Every structure is written in structure tokens, then in C-alpha cells.
8 protein chains.
Amino acid sequence: MGPDDIRKLLKDLRGKKLGIEGAMQKLKVLPFEDLGFAKIDNHRAIRRGFPEVILCSGKTEKQILGIIRKSGCFVATKASRRIFEEIRRFRKDAEFNEAAGMVFSKQQKRKITKREKILVVSAGTSDIPIAEEAAVTAELMGNSVERLYDVGVAGIHRLFGNKEKFFRANVIVVVAGMEGALASVVSGITDRPIIAVPTSVGYGASFKGIAPLLTMLNSCSPGIAVVNIDNGFGAGYMASLINK
Amino acid sequence: MGPDDIRKLLKDLRGKKLGIEGAMQKLKVLPFEDLGFAKIDNHRAIRRGFPEVILCSGKTEKQILGIIRKSGCFVATKASRRIFEEIRRFRKDAEFNEAAGMVFSKQQKRKITKREKILVVSAGTSDIPIAEEAAVTAELMGNSVERLYDVGVAGIHRLFGNKEKFFRANVIVVVAGMEGALASVVSGITDRPIIAVPTSVGYGASFKGIAPLLTMLNSCSPGIAVVNIDNGFGAGYMASLINK
Amino acid sequence: MGPDDIRKLLKDLRGKKLGIEGAMQKLKVLPFEDLGFAKIDNHRAIRRGFPEVILCSGKTEKQILGIIRKSGCFVATKASRRIFEEIRRFRKDAEFNEAAGMVFSKQQKRKITKREKILVVSAGTSDIPIAEEAAVTAELMGNSVERLYDVGVAGIHRLFGNKEKFFRANVIVVVAGMEGALASVVSGITDRPIIAVPTSVGYGASFKGIAPLLTMLNSCSPGIAVVNIDNGFGAGYMASLINK
Amino acid sequence: MGPDDIRKLLKDLRGKKLGIEGAMQKLKVLPFEDLGFAKIDNHRAIRRGFPEVILCSGKTEKQILGIIRKSGCFVATKASRRIFEEIRRFRKDAEFNEAAGMVFSKQQKRKITKREKILVVSAGTSDIPIAEEAAVTAELMGNSVERLYDVGVAGIHRLFGNKEKFFRANVIVVVAGMEGALASVVSGITDRPIIAVPTSVGYGASFKGIAPLLTMLNSCSPGIAVVNIDNGFGAGYMASLINK
Amino acid sequence: MGPDDIRKLLKDLRGKKLGIEGAMQKLKVLPFEDLGFAKIDNHRAIRRGFPEVILCSGKTEKQILGIIRKSGCFVATKASRRIFEEIRRFRKDAEFNEAAGMVFSKQQKRKITKREKILVVSAGTSDIPIAEEAAVTAELMGNSVERLYDVGVAGIHRLFGNKEKFFRANVIVVVAGMEGALASVVSGITDRPIIAVPTSVGYGASFKGIAPLLTMLNSCSPGIAVVNIDNGFGAGYMASLINK
Amino acid sequence: MGPDDIRKLLKDLRGKKLGIEGAMQKLKVLPFEDLGFAKIDNHRAIRRGFPEVILCSGKTEKQILGIIRKSGCFVATKASRRIFEEIRRFRKDAEFNEAAGMVFSKQQKRKITKREKILVVSAGTSDIPIAEEAAVTAELMGNSVERLYDVGVAGIHRLFGNKEKFFRANVIVVVAGMEGALASVVSGITDRPIIAVPTSVGYGASFKGIAPLLTMLNSCSPGIAVVNIDNGFGAGYMASLINK
Amino acid sequence: MGPDDIRKLLKDLRGKKLGIEGAMQKLKVLPFEDLGFAKIDNHRAIRRGFPEVILCSGKTEKQILGIIRKSGCFVATKASRRIFEEIRRFRKDAEFNEAAGMVFSKQQKRKITKREKILVVSAGTSDIPIAEEAAVTAELMGNSVERLYDVGVAGIHRLFGNKEKFFRANVIVVVAGMEGALASVVSGITDRPIIAVPTSVGYGASFKGIAPLLTMLNSCSPGIAVVNIDNGFGAGYMASLINK
Amino acid sequence: MGPDDIRKLLKDLRGKKLGIEGAMQKLKVLPFEDLGFAKIDNHRAIRRGFPEVILCSGKTEKQILGIIRKSGCFVATKASRRIFEEIRRFRKDAEFNEAAGMVFSKQQKRKITKREKILVVSAGTSDIPIAEEAAVTAELMGNSVERLYDVGVAGIHRLFGNKEKFFRANVIVVVAGMEGALASVVSGITDRPIIAVPTSVGYGASFKGIAPLLTMLNSCSPGIAVVNIDNGFGAGYMASLINK
């Protein structure tokens, strides 16, 4: 039952084809979304940009293809080249960004209208796939994105040598594995809000990302909020909401 | 060595009182901050608003009072009434917000200049101190704050009954202990960026906040970033940076 | 806006005092609960039995008293004698069950109408407070409760010596700390659904209830579901829903 | 020694072929089960429905086939198509439900005699195998099962749009990975007992199901009990015991 | 129903006062322990030595005193001087071993009849209470006990300077906190079975005994089995069973 | 420098070919083992029985074969058929026990001289490899071993139906995964020392053996000591030391 | 048996008062340390400097005083003023460093003979007690120590403003709680070996020092080794060994 | 902008081609490293020795080859033979140390100029790859390295039989998995600084290196500092810095 059905119901009531108690009854079982609440509108608005976001890991190939077949515009994360090739068979508009592990329909790519930049910073070479996931997500949502990769704390001068980039950005996404100290250090040299993404890069006591996650949560420098381990998509999405 | 000292050095060089290699030598040991980098300026700017933020827990009374004595304008978090009374003896401008557990100098209170609101939502009665810490922090940084407390998932209709507030806000801070599901639910009905604060409220398998922390990090709904357990201050600060 | 308000709105529409689009607009912002959804009705029904359940731990005395002052009929868990005495000053109908650590208004006590029993079993003497919390909760919800305490696995013959009780019950609540093996053993001798409550009783590697929690979750015998550590109330409540 | 042997013994005693102390001696070493205790009877009754439940994961193919060869009626969980095909070679009555990963003998399928429904709800596409395991288990135990899949908290309107299903059910099984908030939300809109199943779906800080497990255990809404991560079978079994 | 009752039943059957089916019926509900199974006999035998072992931690003073009042011979562990003094008021036979934190009735003390010794070794001064709990428990069970304290790995020569003691013992109890390496080292110089007791002594990353617990479980030297953190009683009891 | 060298040194001293300080000097650097300490003798004695125990997991095939090539009599644990076949090429005396995953030289098999039995009990089918590892280890060390498999708590009557076996044994090894409650239950019906082996059998919240490990460590029934997860070898070895 | 006893034994052998086998026998049971191995000498050497190091936490007042009474020169860590005052009663040479929580005998204070400095750096005010413990320990071992406190990552310019200190030091001790990023940052600007000390300062997800511990262990910058949480003594001791 | 550019700037100022404020402005944006700070010089110095250290695990083959192509002198850790063969195709100077899993350019091998040795000790055969990583790293940095492998605590006499090696070394690296007690034992017999490396060797409750990590952190013997699990490179690097 969509808005038109409600209108019809109200008309019937007004036209006395329907009694008050009957209308009450129908309204009670009215599905929530049919009321056209803002959420739904937003949802639809987002849908035009991000109608179906499919996290490929944990789904079978069959499930992924099934969902995309029913989608209009779509974005798939943690996707392999192989899954891209399967999608490509029936979706000629599919495009693959291998560094980010993302497949999306071309019409998803939007014109960048915002001057304010999102800066995506990563600590090491191994963190790049997650950083790219964040960057590409933000770009697909219409943001201008600047990248600053491989500026980990071990060679801190590389970070300081690029400090002007930190003042050009409106929001900063910091992607780091191992000990994840980069978020704290970046926070120490800027006053922009930082979305920190711990990655599962590392070994031993990094415990697949627990170490950088805890580092980022405990940062002694305020102005940092954290998303899940390896959640580049979530960071790019959040940065985009902030950049609005 | 401040900017004036550098100017003097450059003048001496220009006036040939100093050779090039001598100037090189002096510049090499130049303390970083003396270059007047933006960070320092920002720092000073923040300092005017938040010059000294003192986390009282983990510090002795003596340390806290010592720091505040040397501070101009200040904000202290996780403060007890007792510590406030000690501060009050020598700082007549100290004010105490007991619900938030915060002491601050009156001149810290700023005129609210922004129309955009920050909404602070809390799940249960026991989460209120952390929610207030976030709200008061945001207010001290010049934001207009709306509060929506005790709308936990157990009585989800209370949340839906206030949904218009979610659309009036520019940023939302969600404070929840126990299972922390509130952040996901709020995210499901709005498209504003959400800063989620897990609290140590709960018992047993809430493990002093680990349960809501994990819930919030794993939210299936994008647009949420998380701060440390019980870190109301950090959430208010981050929300304020976003609301700029 | 309650059901009457909606009726009024519909009448106005019918009486043409209100246009269709105006009615649409009002319905959109209609608070969820005002539609009189079943949840609300249930909620009210529950409210008559359990209008306000207050978990005292984690709340200040002031908060607890404040909530109870505004409550009609109420139940408070994890309550001390001291808090009971404070409540008693203004609520003459308050009653205290010290073993269970529960305070409740007398009118909360309901006539037991069900023949089917709930059996509450506990492993050791130290588990009794949690077992009593479960038993009293179930009684307050109108159930007939049988208790079988101190029948831990170390003296398994005591358990087998009471096996007829297991066949008289409709639902069984098993409360155990330390290694929590009792739930598995009870499950091995009955086919009734079991609600298992791990307790924080124990020391060392019991890790405040993690050991029995894991034991109960991993039971090789099906027919067991688990509630939070020390959550006697939740177990009694769940058992009561099942016993309906 | 079965009931007939005991009868023989008692007859011998009565017939004075056996002295009192001799009978005492024999009774002392009497194996527990031979007394025909209710448990055994129940066991046999269950056996007719679920004579051998084989958890395939953790067993070698050889072990699984060996057990099934000796079984009459059987149910195998976490089974692959490959294992099904091996079983099929010597058990023509074997049937495979691929979505649930379950193999069972056809005669296991029972007539549904109960009107009360069990509702199985799942959050995401990736949770479906566990949800199906629960649903199929409940069906094999003679229950009428309704499914409501892919109604996670990120799109909460889909959940509310199906709320009438929650009132038609007698017991509800909620299956969710990632942050597992769905159980709390469902609990907030119904008064039926809920069996919550955390799944290992997710990544990073979901820690293979720890996140939803903790969420479900800490739910601020009573009426939820939890089974092991990915334990769809246990949830279906428990729901069936409750639905009796 | 005790053995006499069974005899009576059998007599009635023999005397034809009771039919076979009636006897069958009565035997079915016969409490397990009434059959006089060996376990019960052993239990009684142990009872003479250790009739009631009360773990005081986690019990209220009232509970402890209540249990002891109903006990004959008893042993209480993790007991304070204060609880001893309360017990002493009504039990003149109570004795207190303060180093071990144990209270017991004097008649509990048995003649040592075994030549084989149990050696109790401890790493540091802070581990002595747990070591004493093990030693006193073993003595109360009739064993000859030798003590070797403060021979931690940091001063390994003290350990080697006493190596003849390791060959005089039949069983060795090793008590150690911090990193707990002592068990491995002792195992490296003897071929006696070792019961290892991790203690909660230490700080930081000892995590209240997790560090020595893991050390002892992972010992590369076979011939070590482990009891719970701080479980001196369990170690003394196990050593005594082995020394039989 | 062996005992003969020491004797030579002492002779030289006695024969005045060597001065006292020279002898002192040589004795100071004397390697520990050359003193012929009991440990070494024991070691040698054990060596005859268990000269080289090789844990295959974590070693490369090359390392394993290299060690065995240099060994006389040997035992290898966690070995695959493939590794056995490689060993067999150059060690015709190698024998493989596939159920236990052990390879050993035939001369390792010893005559059983002890009447006292070791009983090895296992909970489920999947626990059998670890149980066999314990049983075979004990047999190789000259013990008579009885096996009682598949008597988990879910069908507790199978356990009670074999209780006479518990009284025939001198030591009991209990092997269980999932929730590991079997050790507590066995302990409740016998007074023999129990070596408990948690296994990594299970899924979800069994956390690869942490659940049964904690269960066994926290057993409310004394007389249980625990070895590492899946450490069947260690349990068999410990049981053998106790059975001496 | 000390070196003199050995000399006597050798003399007796030489003087033929003792046979060779008799001497062999005595040497076999010779306590390890009596051989005068280097360890013992070192131990004695250390003893002159650090004869008795007593970790006060976890020991009773009585134990601490008892150990010190028997000690010559001593050092006590984690000591309160109260314990100092008790020591002072019978040890007039006792001195208290309150910031470090250390009591030691005055003669322990040694002349500083080394030019190479140890630099002790701390992140926040709350970390100072642990930093002082490290600094005082190093000073008591004869090192020249420089302190640089309150230079956490949140105000990174303070760190860079003191960078010349990093080049003057031979070893650096970095003390930090919360997220512990300071060690990585210091490592990024120096090539001196760094001993990192995580502290339990922080709250929520710092988990009493686990967060900085993991950060420090995972540092992407080599040249860092870590000691236990809050182990200032161990860091000062290690730095002193390196500075030798 | 390098030192020459700064010199040019200063010359321009001196030559009045540039005003003071203009010079100020340029200096403000001066990249940190261009000041030629010591760090950079050290960095360059290190670069000559260790210009590019590539941790292969966690990087794609493509990334590894890409980095090495751009490197002069290089060292790659955790490298497979396969990756070595790929590198060899375009870098004829590449050399492979298979035991250590390291690839490096031949010119990286330096003349050993230091007399002081680093001793690398390992507990078991499975720990050798990590021990070799430490040893080879130290050798590549110009140190003389002695190896002492397979001297675990289970056969402690092998350790004591080599004690002279401990006194010949200046720094000791101890590599151990399982329970990791070796570091404590070595520390008990020497006064050299020890760098301890926990390895992921072991199974069950070793939790992939957590057990030895905790053991090493909690050592009751001072003079030990710890690096990450399996971080042989970090240990060799740290030992080399200490040996300078």
C-alpha cells in the first residue's frame, strides 16, 4: 500500500464509502514505510546513489548474482575479479575497481559537485585496498577525494612533508593496520574530524586488527571516531555524510 | 624561540650579522612549534575554547588541582563534586555540571551561534551521565544541543514517537550500554552522521562496555562511527567538529 | 495523540473539516504508538503486571527513587535492603524479598492460575540469589514455581534423587556458576525446554561467569537456551512467556 | 538387562528362586537405563522423531557414513552436497535440503499437527543457511513454520511492514550476524518468547559471531534466550519444545 | 528410601504382599543413591575425612555459618580470621590455619600413615597462601607433606640447590604466579607427576592468573596437569588421590 | 665431560698431577649434566621408552624426517598417513596407528606389566582421535588401557550403564569437546584421579576448545586436573606417571 | 657448602682422607650455586646494587617488613607512604621517593659513573608514577637519567620541540597509557633502542593497559621492545643493562 | 626542497632578493625532512644498511615486486622461495636464506666489525625459522651472531651445558613458542639484556603465541623485553641497536 492507496482510503472515508472504524482498522495494519516517512524518502534518495550495497564476503556467488540481477544501480564491496566477470556477463554497465575490490554500475558514478575534499590517508602498502574502498565509496557518493598513501609513523617525515593536504580537507579518513598510531598522529596536527579505519594488516599480537582498533578508540587526541576493522566502505560513507 | 626570534634571526642574516651556515644551524634545531604551523594556531584557537581538558579519572587530586592552577580557561571531565569544591576554593569562576561530571570555567561558556543542532540520544537512565558529558561538551564548543533520553530499544515506540527530532539534527550522538542496539536502530531511520558511544552500563556479558562497543562497530547500517567506551567528551567534541 | 485523536481526525476528514492532503500530512507525523498497535496493547497488558522493572545496579539511589515515585505498580531487581528502606518511606505497598534482592509493590503479586509448574534448579549455595530472582519473577508473573537448590554435579545423586520433579515441570530454569555443567546434565534427563542462567559465582578461570556461559552455550544436549550472566530476572521472565 | 530381565528377577525372587540379598546385589549393579526411567522413554520417543542427529562438521566422511549406516531414521546437520551423495548410495530414503545443509531420511518428515506457528526471522542474506537449519529442524519435529528473511535493522521498515506475522507466531527464532540488533528490536514489538541465534556472518570486530552473541545476551528487552553461534539446529529444536 | 526400605520391598514381594508390577513401579522411582552404589559409599568414606568442604569466597557469612552448624566434621577454604572467630563461638573444635586461610574441625586431622611424600613448591612469597592451602589440604587427607618455598625461576640456583627433595617426593605440587615458568622447569628435572597451580599473583599482563595458567597448560615438558587459578585446595586434593 | 672424565680429574688431583685451584677451575665449568644427576638417568630411562617424541604439527616434513633419521626408538604424534609413508621408506620398524595419528618404532611397544588399568573415556565420536592418542601413549608406556567412548552427557544413561569400569581403573582420562561437562560428571561418580583433556571439537562459542577447557578448570568436583586442548599425548603420559 | 668446603673436599681427596668414589658422591649432590658459577657472582654483584627488590603489591605488610628486616641493602617498588613509615621505624637508612612509589636504603644510591644518558619519556600526567619508577631504578643502578614528561601525541609539537634530547640519549624508555602511540612516534625520530612501558592509565577500551601493550608490540617502526604493563622497574633495569 | 634550496633561500634573504616576511612564509611550509634533521641523516645511514625492509606477508606478489623494483639495496622478510624466484628474474643480486624466509641484495651483506656477539637461542625445532630471521637480520646489520638452538626447558641440561655461551654474548635473543619459559630461565643464569620473541608455535591454549607472549611479559626475572609474536626481524634489529 503506497501513498496513493492511502489517499484512496482517505478519499473513500471523505466520500463516506468507508466508516471511521473501518479506516482506523486499515490504518493500524498499514505497513510503516507506506506512510511515506522521511526515512523512506531519504532511502529512496540514497537508493538512487547507492540502491543496493552488497558485501560480497560471506555470500555465495549465486546469492551475489541473484541480488544484482534484481538491482537497478548497485555497488558491491569485497569483490574479486572473478565475481566481476560473472556480473559482467549480464550487466554490461558493470565496472571494476580492482584496487578497491569494488564492482558498481557505471551510472552510479556521479558528477562531483562539492569543492570540499575528503582526504584518505593510509599507513602502509598493505592498507591500500581498504583505503581505496573508502576513497572510491566517497567518490561514488559525489565527493572530491585526495589520497595520501604510505605515510606511516615509521617514516613520520613523509607525513609532515604533506601537512598542507590536511588543511585542504574537510574530513580525513585514516586507514592503518599494525599498531594504528597514524590516526593519533594525524589528529595531533589537524582540527578536522577524522574517521579512523583499523585494518587486519599485521601479524601476531595485532590479532587481525584488534591492536589498531584499540589504539584508535583510545586516542588521547579528541576528534577521532572509528569504524569496524577493514570497513573502508563504512568510512567512505560516513565521511561523505559529514562532508554534506 | 617564538616567531619574533625567527624574525630576529632572519634580520640578523639580512643585516649580515649572521652567516648562512650559522643560520642553517640555528634553523635545524628550531623547535617545531616555533615555526607557527597551522596546528599551533588551531591549537591556540581551540585553547581559547578548550585550553586545558583534564580527564580527572586516573589523576590524583593534587595533580588535577596543579594543572588547573596553571590553566586559564579549562574543562575537567569525570569530576566529582568533591574535586569541584577543591577547585572552587581558588577558582571562583569554576562551575559544576553534576549530571555530566564536568567542571569548567564560566568564560568557557560560549554564545551559541550555529542554527544546526546536535541531537544527543540515550538508551537508559544509567547512560545519562555519559550523554550529558557529550551534550555539555558540545554546548561548551558553541553548539545548540537537543536531548532525547531513555528511548532504548525495549520500548522502541518512544523512539519512533520522536522521529521528527532526528530530522532536525545535523549530527546525532547515540549513547547506549547493555547491548547498544540503539545506534543501529537510529541509523535505520535517519541519514545524519551518527557518533555512537558505548557505555559500561550493564552487567555480566556486557563486559563493561565491550558488548555495546562491538554492536556499534558491526552495525549493518552505514553512517555510524564509534568512540571509546564512556567517552562522552570525545563524542561531543567529534560532533562539534562535524557541525562546524 | 491517542486513538481518540485519530478518530477525531478521521471524523474531521469525513465531515470535510479537513482536506485529504492535510490528513495525509498529519498521519505522516503521527507518533508510532498512537496508532494503537498491538505492541502497545501488549505493553499495557504487561504494564499491569510489570509496569516498571528497574535494574538497580548501575543507577544512583536518586535515580531509582525518582523512577519509582512516578511508577504505579513496580518491580526492582538487584536491590539492597537499604534501597528498600528508602522506597518504603513513600511507598507503603513496597515489599522486599531479600534472598532475591527484589523490591515490588504488593499489588504486583498475582493469583496463580496456571497448573503447569516452572522448576528452578540451582547448583550451589552461592547461586541461590540468582535462582531466587528467577523464581520470584516467575511467581510475580502468575506462575507456580518449584525450587530445587544445591544439586550441583559434584553430588550428582542429589539431582537423580529428585528426578520426578523434572517431569512435573513445564519449563526448567537451571542456575549455575563455576563450570555450569548442571544445565547439560539436567538436559540429559528431561525433555522440557531449559533456560540456563550462568552466574558469576566462582573464581580464577571462571572469569566472572564466562566459564558457565560458554558451557551452557556449547551444551551437546539440545533444548537449552541461555540468558546473560546473573540474569535471574530474564530467565524467570522467559520461562513465564514459555509457560503461557 | 531390559525391563523383561528385571521382571524375571522379581519373579525369581517371588518364586523364591532367589534370596533377598542376592536380588539386592543384582539391583545394585543394574545399569541405570535398564530401569526404564522416563528419560529413556522420552529418549525413545524422541528417537522416533530424531533418532540420530549427526553434526557433520568435525567428523570425517568415514565416521559420518558409519554412524548413518547403523541408524534407522536420521538427521545430519552442516552437511555438504558431497556427503549427501555418499549417503544416497546406500540410503535411498535420504533427502537433502541444500539451503539448510541438512540430510535426513524421508520418513523423518512428519505430518504437521500443530496450528501454532514458529516464525523464523533472519537479518541478512548471509544468515539464511542458519535460519533454514532452524526452520527445517522445526518442520521435521512437526511444527508449522513461517519464514521472514532479510529484515535487518538497516532497513527497519521492512520489519515493521510485516508485524502481523509476529502476532501470528507462538515462538520466534531470530537469526542475525554482524551486530545482531534484530533480536532486541523484534523483542521490542512482540511479547512472544524469542530464541536468538547469533551467526558468524560479518567481519573484523564481529569476531566470528562474538559481537551478535554479546548483543543478544545483553538485550535490554526481556523475553530473549540465546543458543550457540550458528546453532540453527538448537534454535529449531528449542522452539519446537516450547511450541509443544 | 534407604537400603532397609529396599529390603522391605523385596521381602514384601517375596512374601507376596506386593505384585511384580507394583515392585517394578516402586523401583522405577527409586532415588539413585538409595541403591547404595559405590559412589555413595566412597562419598561417605570421603565424608569421614572431608564431610563438608565450604568455599567461603562468594558466600555470605550467614550461609557459611549455617552450613557449618549442620556439619559434623568440616573444612572451610578461603576463610578469614573473622569468619573463624564466628565459627569458634559455637564450634569449640574449630582450628584456624591462617597462612592457608583454612578453618577445620580438629578431628579432621588424621594420622599420617603414608611414607610417600607430597612436595609443595612455590615460586614467590606472595604465592605462599595458595601453596599452604594445597599443603594443609594434603595433610588433612593423611599425607606427609614437604614444603619448598620461594624458589622461583629468577633465582634458579635455589631450585637446583634442593633437587634431592624432588626425588624424595611421589607427587609434586607447583604453585606459581606471574609467568608461572616454575612448573616447566621443575618438570625438566624430575619424572614425578606434577600438579600445577597458577596464582593470581602478578600485575598488568598476568591478567589475574591467565598468564601462568597458559604457561602451565602449554608446557613443552610432559607430566604436568593444571588446576584452576588459586585452587590450592584442588591441587592438594588431586595430589592426595594420586598419592594413594 | 662424562663421569669417567670426572673420575680421571679426581684421580689426577689425588695423584697430585693437578693442584686444588686447577681442579676448582675445571669443576666450575663442568657441564651440568656430566655430573650424572638423577634427572639425566631418568632421562635416559625415559629415553629407552620414549627417546624422541616428535610433535609433527608445526614442523616441516623435512624436519620430521631429519629428526627421526637420527633417532633410535621414537614416537611421533599428530602424524598423517603421508608422513608415516615417508618414514616407512627408511624405517622398516615404523608402525602407524591411524585413529591416534601416531607413528612409532615397533620396539617401542612394551610388555604390559601393570595390573592397574587406565580408563580413557570420551564424550563424542569427534573426540576419538584425541582419546586414542592418550590411550596409545599410555599403552606404549606399558599400561593396560580400557576405552569407553561416546558416553557424553547428552545420553548420560550410557555413562551410568558402565559405571563398574570407573571402579576398575586406577586413573581416568576424560576427553571432551563442546561444553566438556563429562569430566565433572565422571568426577561426581568416582574417587579416582581424573586427567581431563579439552578438545577443539565444537563450533561457535566453543572457541576451539576454550569452552571445555574453562569447564574442566572450574569443575565444582575436586579430583580433576587438566592438560592443554587436544593434548592426548600429555594426558596419556601424565596418567602413566600416576599409574606407576 | 661454599667454595671453602669444596676446597676442603679437594684437599681431603688430595690428602687421601677421601676416596675417589666418595668425592664423586659428594660432588653429585653439591648445590648448584656452591660451584661459584658466574651467575652467582653476577648475582652477588647485582646484590650489592639491588640485593633485594621487593614488589610490594600482592604482599601483606607483614611479609614486606619481614623480608626487609632480613635484607641488607634493599629496593621496594609499588610502595605506599604508609609502608615506608613502617619500614622507617627499624631501618633509619630507608628513603622514600613518593612520585615513584619506591623505598630504598640510602647506601643503594650510587655514584653516577656513566656519561651516556638514559632518557625517560612519558605521555601524560597520569603516567608519571611509572615513568619515575623507571627513572629512579636506572639512577639507583648508576645511570644518568634525563626526564621528558607530558609529551603525548595529542600535542606532538611538544615532542618535536625537544628532539635534541633524543640524540643525547643512549637508550630511551617510553611510558604511555591510553593508546600508547608515543613509542612508535619516538621510534620514528630516533635510532636509539627503545624500551616501551604500557601503563594501565585510560578507561573503557584501554582495558587496563592492553591497548597500549598491543600498540607497542605491533609498532611498524623497528627498534622497540616492550615490558609488562606498569612495569617501570623492569624498564629502568633493562635500560640500565643496555647502557652498560 | 633540500638543504641547497634552504641555502639558496637564506642567500636570497642575505642578498636582499627576499624580504623577511617572505622568508618567514617559505620557512613555515618547509617540509620537515628538508631541514636535514638528524633523523633524516640516520635514516639515510640506516638506508645504506636497510634501505627497504619489506614484510611480504599481507602484500600481494605484485606489490612486493613493485617495491623491490624501485629499491636499491633491500631486505624482504617472511618471503617464500617462489617470491625469491620472481625477484631473481630482474634482480640478479638477490640472495635467499630459506631457513629465515628472507631475500636480500648481496651488497646488503656487511663486513662484521664488532667483536661483541649476539647470541640467538631457540627452544624447539619449530622455532628455528623465527630464530634464523633474528640471526640473519643481526648479521646483515654487521653483527657477529652465535646460534644455540633446541635448548628448550624440557631438556634443561642442554641449556646448562652451554652456559659459557651466555657469558660470551653482549645481547641475547630468546625465541620460544608453546609456554615460552625459556626466556625466564635464560634470564635466571645471565645478566645480559634479553630480547624475547614469542612464536606462534604450539596448539590449543597457546593461542597462536599469546601464551609465550604473556609468559615473557610477566617474567619474574628482570632484564627481559619483548617483541611481537614471530617478529624475528624486530628482535634482530633491536639486538643490533643494543650491540652498537
# chains A, B, ... in the order shown; residues from 1 in each chain; ligands from 1

$ residues_around --residues "Val121 (chain A)" --least-positions-apart "2" --cutoff "9 Å" --atoms "only C-alpha atoms" --output "short mmCIF file (atom, residue, chain, number, x, y, z; two decimals) with N, CA and C atoms, in the first residue's frame"
data_model
loop_
_atom_site.label_atom_id
_atom_site.label_comp_id
_atom_site.auth_asym_id
_atom_site.auth_seq_id
_atom_site.Cartn_x
_atom_site.Cartn_y
_atom_site.Cartn_z
N LEU A 119 40.08 13.73 2.49
CA LEU A 119 41.45 13.22 2.35
C LEU A 119 41.50 11.80 2.91
N ALA A 123 48.56 4.11 6.06
CA ALA A 123 49.87 3.93 6.69
C ALA A 123 50.84 3.13 5.81
N ALA A 131 41.92 1.50 1.99
CA ALA A 131 41.91 2.94 1.73
C ALA A 131 41.19 3.23 0.42
N GLU A 146 41.10 13.23 -2.10
CA GLU A 146 42.56 13.27 -2.27
C GLU A 146 43.15 12.09 -1.52
N ARG A 147 44.19 11.47 -2.11
CA ARG A 147 44.81 10.30 -1.49
C ARG A 147 46.21 10.64 -1.01
N LEU A 148 46.58 10.12 0.16
CA LEU A 148 47.95 10.28 0.68
C LEU A 148 48.32 8.94 1.31
N TYR A 149 49.05 8.13 0.53
CA TYR A 149 49.28 6.75 0.96
C TYR A 149 50.72 6.53 1.41
N ASP A 150 50.89 5.52 2.24
CA ASP A 150 52.22 5.06 2.66
C ASP A 150 52.96 6.11 3.49
N VAL A 151 52.25 6.72 4.41
CA VAL A 151 52.85 7.77 5.26
C VAL A 151 52.81 7.35 6.73
N ILE A 172 38.87 13.78 7.19
CA ILE A 172 40.02 12.93 6.90
C ILE A 172 39.70 11.49 7.28
N VAL A 173 39.98 10.57 6.37
CA VAL A 173 39.86 9.14 6.67
C VAL A 173 41.27 8.61 6.86
N VAL A 174 41.55 7.99 8.03
CA VAL A 174 42.88 7.44 8.28
C VAL A 174 42.78 5.92 8.34
N VAL A 175 43.53 5.25 7.48
CA VAL A 175 43.48 3.80 7.36
C VAL A 175 44.82 3.24 7.81
N ALA A 176 44.81 2.40 8.87
CA ALA A 176 46.09 1.86 9.35
C ALA A 176 45.91 0.52 10.04
N LEU A 182 48.82 5.99 13.43
CA LEU A 182 48.72 7.10 12.48
C LEU A 182 47.54 8.03 12.78
#

$ interface_residues --of "chain F" --to "chain D" --cutoff "9 Å" --atoms "only C-alpha atoms" --output "PyMOL selection string"
chain F and resi 125-126+155+157-164+201-206

$ atom_distance --atom1 "CA of Glu133 (chain F)" --atom2 "CA of Val185 (chain C)"
27.0 Å

$ select_by_dssp --residues "region 9-224 of chain H" --states "alpha helix (DSSP H)" --output "ChimeraX atom specification"
/H:9-14,20-28,38-49,61-70,81-90,128-140,156-160,163-168,182-189,210-217

$ closest_atom_pairs --of "region 118-226 of chain A" --to "region 68-87 of chain A" --cutoff "10 Å" --atoms "only C-alpha atoms" --output "CSV"
residue,atom,partner,partner_atom,distance
A:Pro129,CA,A:Lys78,CA,9.4
A:Ile130,CA,A:Lys78,CA,9.4
A:Glu133,CA,A:Thr77,CA,7.7
A:Thr137,CA,A:Val75,CA,8.9
A:Leu140,CA,A:Val75,CA,9.1

$ atom_distance --atom1 "CA of Ile189 (chain B)" --atom2 "CA of Ser221 (chain B)"
10.0 Å

$ select_by_dssp --residues "region 68-127 of chain F" --states "strand (DSSP E)" --output "list in words"
Val75, Ala76, Thr77, Ala94, Glu95, Phe96, Asn97, Met102, Val103, Phe104, Ser105, Lys117, Ile118, Leu119, Val120, Val121 and Ser122 of chain F

$ atom_distance --atom1 "CA of Ala135 (chain B)" --atom2 "CA of Asn218 (chain A)"
20.2 Å

$ residues_around --residues "Ala134 (chain F)" --least-positions-apart "4" --cutoff "6 Å" --atoms "only C-alpha atoms" --output "PyMOL selection string"
chain F and resi 232-233+235-236

$ write_last_selection --atoms "C-alpha atoms" --output "PDB file, in the first residue's frame"
ATOM      1  CA  GLY F 232      46.001 -36.530  24.244  1.00  0.00           C
ATOM      2  CA  PHE F 233      49.687 -37.387  24.455  1.00  0.00           C
ATOM      3  CA  ALA F 235      47.154 -36.890  29.256  1.00  0.00           C
ATOM      4  CA  GLY F 236      48.327 -40.430  28.491  1.00  0.00           C
TER       5      GLY F 236
END
